[in-house]
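A quick write-up on the structure given underneath.
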Amino acid sequence: MNHSLFIAFLKSVVFVMLLLGLGGCVTNYGAAAFDSSPDAVQVFDMEDGSVIGVTPVQFLWRSGKVKRKYMNVRMQKEGYQDAVKSFWLSLDYKSEKDARTNPQLVQFKLIKVTE
């Protein structure tokens, strides 16, 4: 292989590596808006037990690798039965603002405990 072909080959390899590297830097965003009946219900992420918030509340997720995230959440309020919901959160947005403007709606209706 002559010198000029070798240089062209190296430039092509570097170019492809840069393209692949830049493609991995893309961040995907998704948001879920939790609503419940009654209001003021605590929402927990069952994956790690963390509190997402109290309804109505919005949850934002970002990832550079995946386009959706499987979520298991538990809703809890004193005097009501706990509720669990599983869903796929779509990470279709390229900015946090777009994701927060177009959240997936996740609704719960808790059942009152009778004594």
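Every chain in the structure tokens takes a letter, A first, then B, and so on in the order presented; its residues are numbered from 1, and the ligands are numbered from 1 following the presented order.
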
Check which residues of range 42-65 of chain A sit at most 8 Å from range 91-98 of chain A using only C-alpha atoms, and return one row each with the closest pair of atoms and their distance in Å to one decimal, ordered by chain and rising number, as JSON lines.
{"residue": "A:Leu60", "atom": "CA", "partner": "A:Glu96", "partner_atom": "CA", "distance": 7.8}
{"residue": "A:Trp61", "atom": "CA", "partner": "A:Leu91", "partner_atom": "CA", "distance": 7.6}
{"residue": "A:Arg62", "atom": "CA", "partner": "A:Leu91", "partner_atom": "CA", "distance": 7.3}
{"residue": "A:Ser63", "atom": "CA", "partner": "A:Leu91", "partner_atom": "CA", "distance": 7.7}

Mind dumping the selected residues with N, CA and C atoms as a PDB file, in the first residue's frame?
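Okay, selection.pdb is ready:
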ATOM      1  N   LEU A  60     -38.829  12.869  35.390  1.00  0.00           N
ATOM      2  CA  LEU A  60     -38.014  12.989  34.182  1.00  0.00           C
ATOM      3  C   LEU A  60     -36.937  11.920  34.202  1.00  0.00           C
ATOM      4  N   TRP A  61     -36.715  11.272  33.057  1.00  0.00           N
ATOM      5  CA  TRP A  61     -35.652  10.283  32.933  1.00  0.00           C
ATOM      6  C   TRP A  61     -34.825  10.642  31.719  1.00  0.00           C
ATOM      7  N   ARG A  62     -33.502  10.467  31.833  1.00  0.00           N
ATOM      8  CA  ARG A  62     -32.621  10.704  30.689  1.00  0.00           C
ATOM      9  C   ARG A  62     -31.693   9.512  30.540  1.00  0.00           C
ATOM     10  N   SER A  63     -31.362   9.221  29.288  1.00  0.00           N
ATOM     11  CA  SER A  63     -30.471   8.109  28.996  1.00  0.00           C
ATOM     12  C   SER A  63     -29.770   8.352  27.669  1.00  0.00           C
TER      13      SER A  63
END

Using DSSP on the backbone coordinates, identify all residues within range 9-114 of chain A classified as strand (DSSP E or B); present the result as a PyMOL selection string. chain A and resi 28-37+42-45+51-54+57-63+68-76+80+83-90+93+104-109+112

Can you spit out the residues from that selection as a compact mmCIF listing (two decimals), in the first residue's frame, using N, CA and C atoms?
# COMPACT_ATOMS: atom_id res chain seq x y z
N ASN A 28 -31.31 10.95 25.37
CA ASN A 28 -32.76 10.83 25.16
C ASN A 28 -33.46 11.16 26.46
N TYR A 29 -34.61 11.85 26.36
CA TYR A 29 -35.38 12.26 27.52
C TYR A 29 -36.81 11.74 27.41
N GLY A 30 -37.38 11.46 28.57
CA GLY A 30 -38.79 11.10 28.66
C GLY A 30 -39.33 11.58 29.99
N ALA A 31 -40.63 11.83 30.04
CA ALA A 31 -41.25 12.29 31.28
C ALA A 31 -42.59 11.60 31.47
N ALA A 32 -42.91 11.36 32.73
CA ALA A 32 -44.22 10.80 33.08
C ALA A 32 -44.88 11.76 34.04
N ALA A 33 -46.16 12.02 33.81
CA ALA A 33 -46.96 12.88 34.70
C ALA A 33 -47.91 11.96 35.46
N PHE A 34 -47.71 11.85 36.76
CA PHE A 34 -48.54 10.99 37.60
C PHE A 34 -49.70 11.79 38.17
N ASP A 35 -50.89 11.23 38.00
CA ASP A 35 -52.10 11.85 38.53
C ASP A 35 -52.88 10.77 39.26
N SER A 36 -53.58 11.16 40.29
CA SER A 36 -54.29 10.14 41.08
C SER A 36 -55.61 10.68 41.61
N SER A 37 -56.44 9.73 41.93
CA SER A 37 -57.67 10.01 42.66
C SER A 37 -57.63 9.09 43.87
N GLN A 42 -48.43 9.46 47.51
CA GLN A 42 -46.99 9.30 47.33
C GLN A 42 -46.72 8.30 46.21
N VAL A 43 -45.75 8.63 45.35
CA VAL A 43 -45.35 7.76 44.24
C VAL A 43 -43.92 7.30 44.50
N PHE A 44 -43.70 5.97 44.46
CA PHE A 44 -42.39 5.38 44.70
C PHE A 44 -41.91 4.63 43.46
N ASP A 45 -40.62 4.77 43.16
CA ASP A 45 -39.98 3.96 42.12
C ASP A 45 -39.62 2.63 42.78
N VAL A 51 -38.53 7.93 46.45
CA VAL A 51 -39.79 8.65 46.33
C VAL A 51 -39.70 9.54 45.10
N ILE A 52 -40.66 9.37 44.18
CA ILE A 52 -40.73 10.22 42.99
C ILE A 52 -41.37 11.55 43.36
N GLY A 53 -42.38 11.49 44.23
CA GLY A 53 -43.04 12.71 44.66
C GLY A 53 -44.46 12.43 45.10
N VAL A 54 -45.23 13.51 45.25
CA VAL A 54 -46.63 13.44 45.68
C VAL A 54 -47.49 13.98 44.54
N VAL A 57 -47.51 14.87 40.14
CA VAL A 57 -46.05 15.04 40.08
C VAL A 57 -45.55 14.56 38.73
N GLN A 58 -44.44 15.15 38.29
CA GLN A 58 -43.83 14.76 37.03
C GLN A 58 -42.46 14.15 37.30
N PHE A 59 -42.12 13.12 36.53
CA PHE A 59 -40.86 12.41 36.66
C PHE A 59 -40.11 12.51 35.34
N LEU A 60 -38.83 12.87 35.39
CA LEU A 60 -38.01 12.99 34.18
C LEU A 60 -36.94 11.92 34.20
N TRP A 61 -36.72 11.27 33.06
CA TRP A 61 -35.65 10.28 32.93
C TRP A 61 -34.83 10.64 31.72
N ARG A 62 -33.50 10.47 31.83
CA ARG A 62 -32.62 10.70 30.69
C ARG A 62 -31.69 9.51 30.54
N SER A 63 -31.36 9.22 29.29
CA SER A 63 -30.47 8.11 29.00
C SER A 63 -29.77 8.35 27.67
N ARG A 68 -36.39 3.66 25.70
CA ARG A 68 -37.52 3.47 26.61
C ARG A 68 -37.02 2.80 27.88
N LYS A 69 -37.77 3.01 28.95
CA LYS A 69 -37.40 2.46 30.26
C LYS A 69 -38.63 1.82 30.87
N TYR A 70 -38.45 0.60 31.36
CA TYR A 70 -39.55 -0.10 32.03
C TYR A 70 -39.64 0.41 33.46
N MET A 71 -40.82 0.87 33.84
CA MET A 71 -41.03 1.45 35.17
C MET A 71 -42.03 0.63 35.96
N ASN A 72 -41.72 0.41 37.22
CA ASN A 72 -42.64 -0.15 38.21
C ASN A 72 -42.79 0.90 39.30
N VAL A 73 -44.00 1.37 39.51
CA VAL A 73 -44.22 2.38 40.54
C VAL A 73 -45.33 1.92 41.49
N ARG A 74 -45.20 2.39 42.72
CA ARG A 74 -46.21 2.10 43.75
C ARG A 74 -46.75 3.42 44.26
N MET A 75 -48.08 3.48 44.42
CA MET A 75 -48.72 4.68 44.96
C MET A 75 -49.28 4.31 46.34
N GLN A 76 -49.12 5.23 47.26
CA GLN A 76 -49.51 4.94 48.64
C GLN A 76 -50.09 6.18 49.30
N TYR A 80 -56.02 4.21 52.18
CA TYR A 80 -56.29 3.65 50.85
C TYR A 80 -55.39 2.45 50.61
N ALA A 83 -51.44 0.88 45.34
CA ALA A 83 -51.63 0.49 43.93
C ALA A 83 -50.26 0.40 43.27
N VAL A 84 -50.12 -0.56 42.37
CA VAL A 84 -48.87 -0.75 41.64
C VAL A 84 -49.17 -0.67 40.15
N LYS A 85 -48.28 -0.02 39.42
CA LYS A 85 -48.46 0.08 37.97
C LYS A 85 -47.11 -0.10 37.29
N SER A 86 -47.11 -0.83 36.19
CA SER A 86 -45.92 -1.01 35.37
C SER A 86 -46.21 -0.44 33.98
N PHE A 87 -45.20 0.21 33.40
CA PHE A 87 -45.38 0.78 32.07
C PHE A 87 -44.01 1.04 31.45
N TRP A 88 -44.00 1.22 30.13
CA TRP A 88 -42.79 1.61 29.42
C TRP A 88 -42.79 3.13 29.27
N LEU A 89 -41.76 3.76 29.77
CA LEU A 89 -41.59 5.20 29.60
C LEU A 89 -40.80 5.43 28.31
N SER A 90 -41.40 6.11 27.36
CA SER A 90 -40.74 6.40 26.08
C SER A 90 -39.76 7.56 26.25
N TYR A 93 -37.52 12.17 23.30
CA TYR A 93 -37.21 13.58 23.13
C TYR A 93 -35.72 13.85 23.26
N GLN A 104 -45.85 11.49 29.39
CA GLN A 104 -46.82 10.40 29.36
C GLN A 104 -47.69 10.52 30.60
N LEU A 105 -48.99 10.40 30.44
CA LEU A 105 -49.89 10.48 31.57
C LEU A 105 -50.05 9.09 32.20
N VAL A 106 -49.83 9.01 33.50
CA VAL A 106 -50.01 7.78 34.26
C VAL A 106 -51.01 8.08 35.36
N GLN A 107 -52.19 7.47 35.26
CA GLN A 107 -53.26 7.76 36.21
C GLN A 107 -53.53 6.58 37.13
N PHE A 108 -53.84 6.89 38.37
CA PHE A 108 -54.18 5.90 39.38
C PHE A 108 -55.49 6.28 40.04
N LYS A 109 -56.26 5.28 40.41
CA LYS A 109 -57.43 5.49 41.27
C LYS A 109 -57.28 4.52 42.43
N LYS A 112 -60.46 3.17 48.64
CA LYS A 112 -60.50 3.50 50.07
C LYS A 112 -60.66 2.21 50.89

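Among the candidates A:Lys67, A:Ala40, A:Val113, A:Glu78, the one nearest to Thr55 in chain A when counting only C-alpha atoms is A:Ala40.
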
How many Å separate CA of Ser50 in chain A from CA of Thr114 in chain A? 28.3 Å
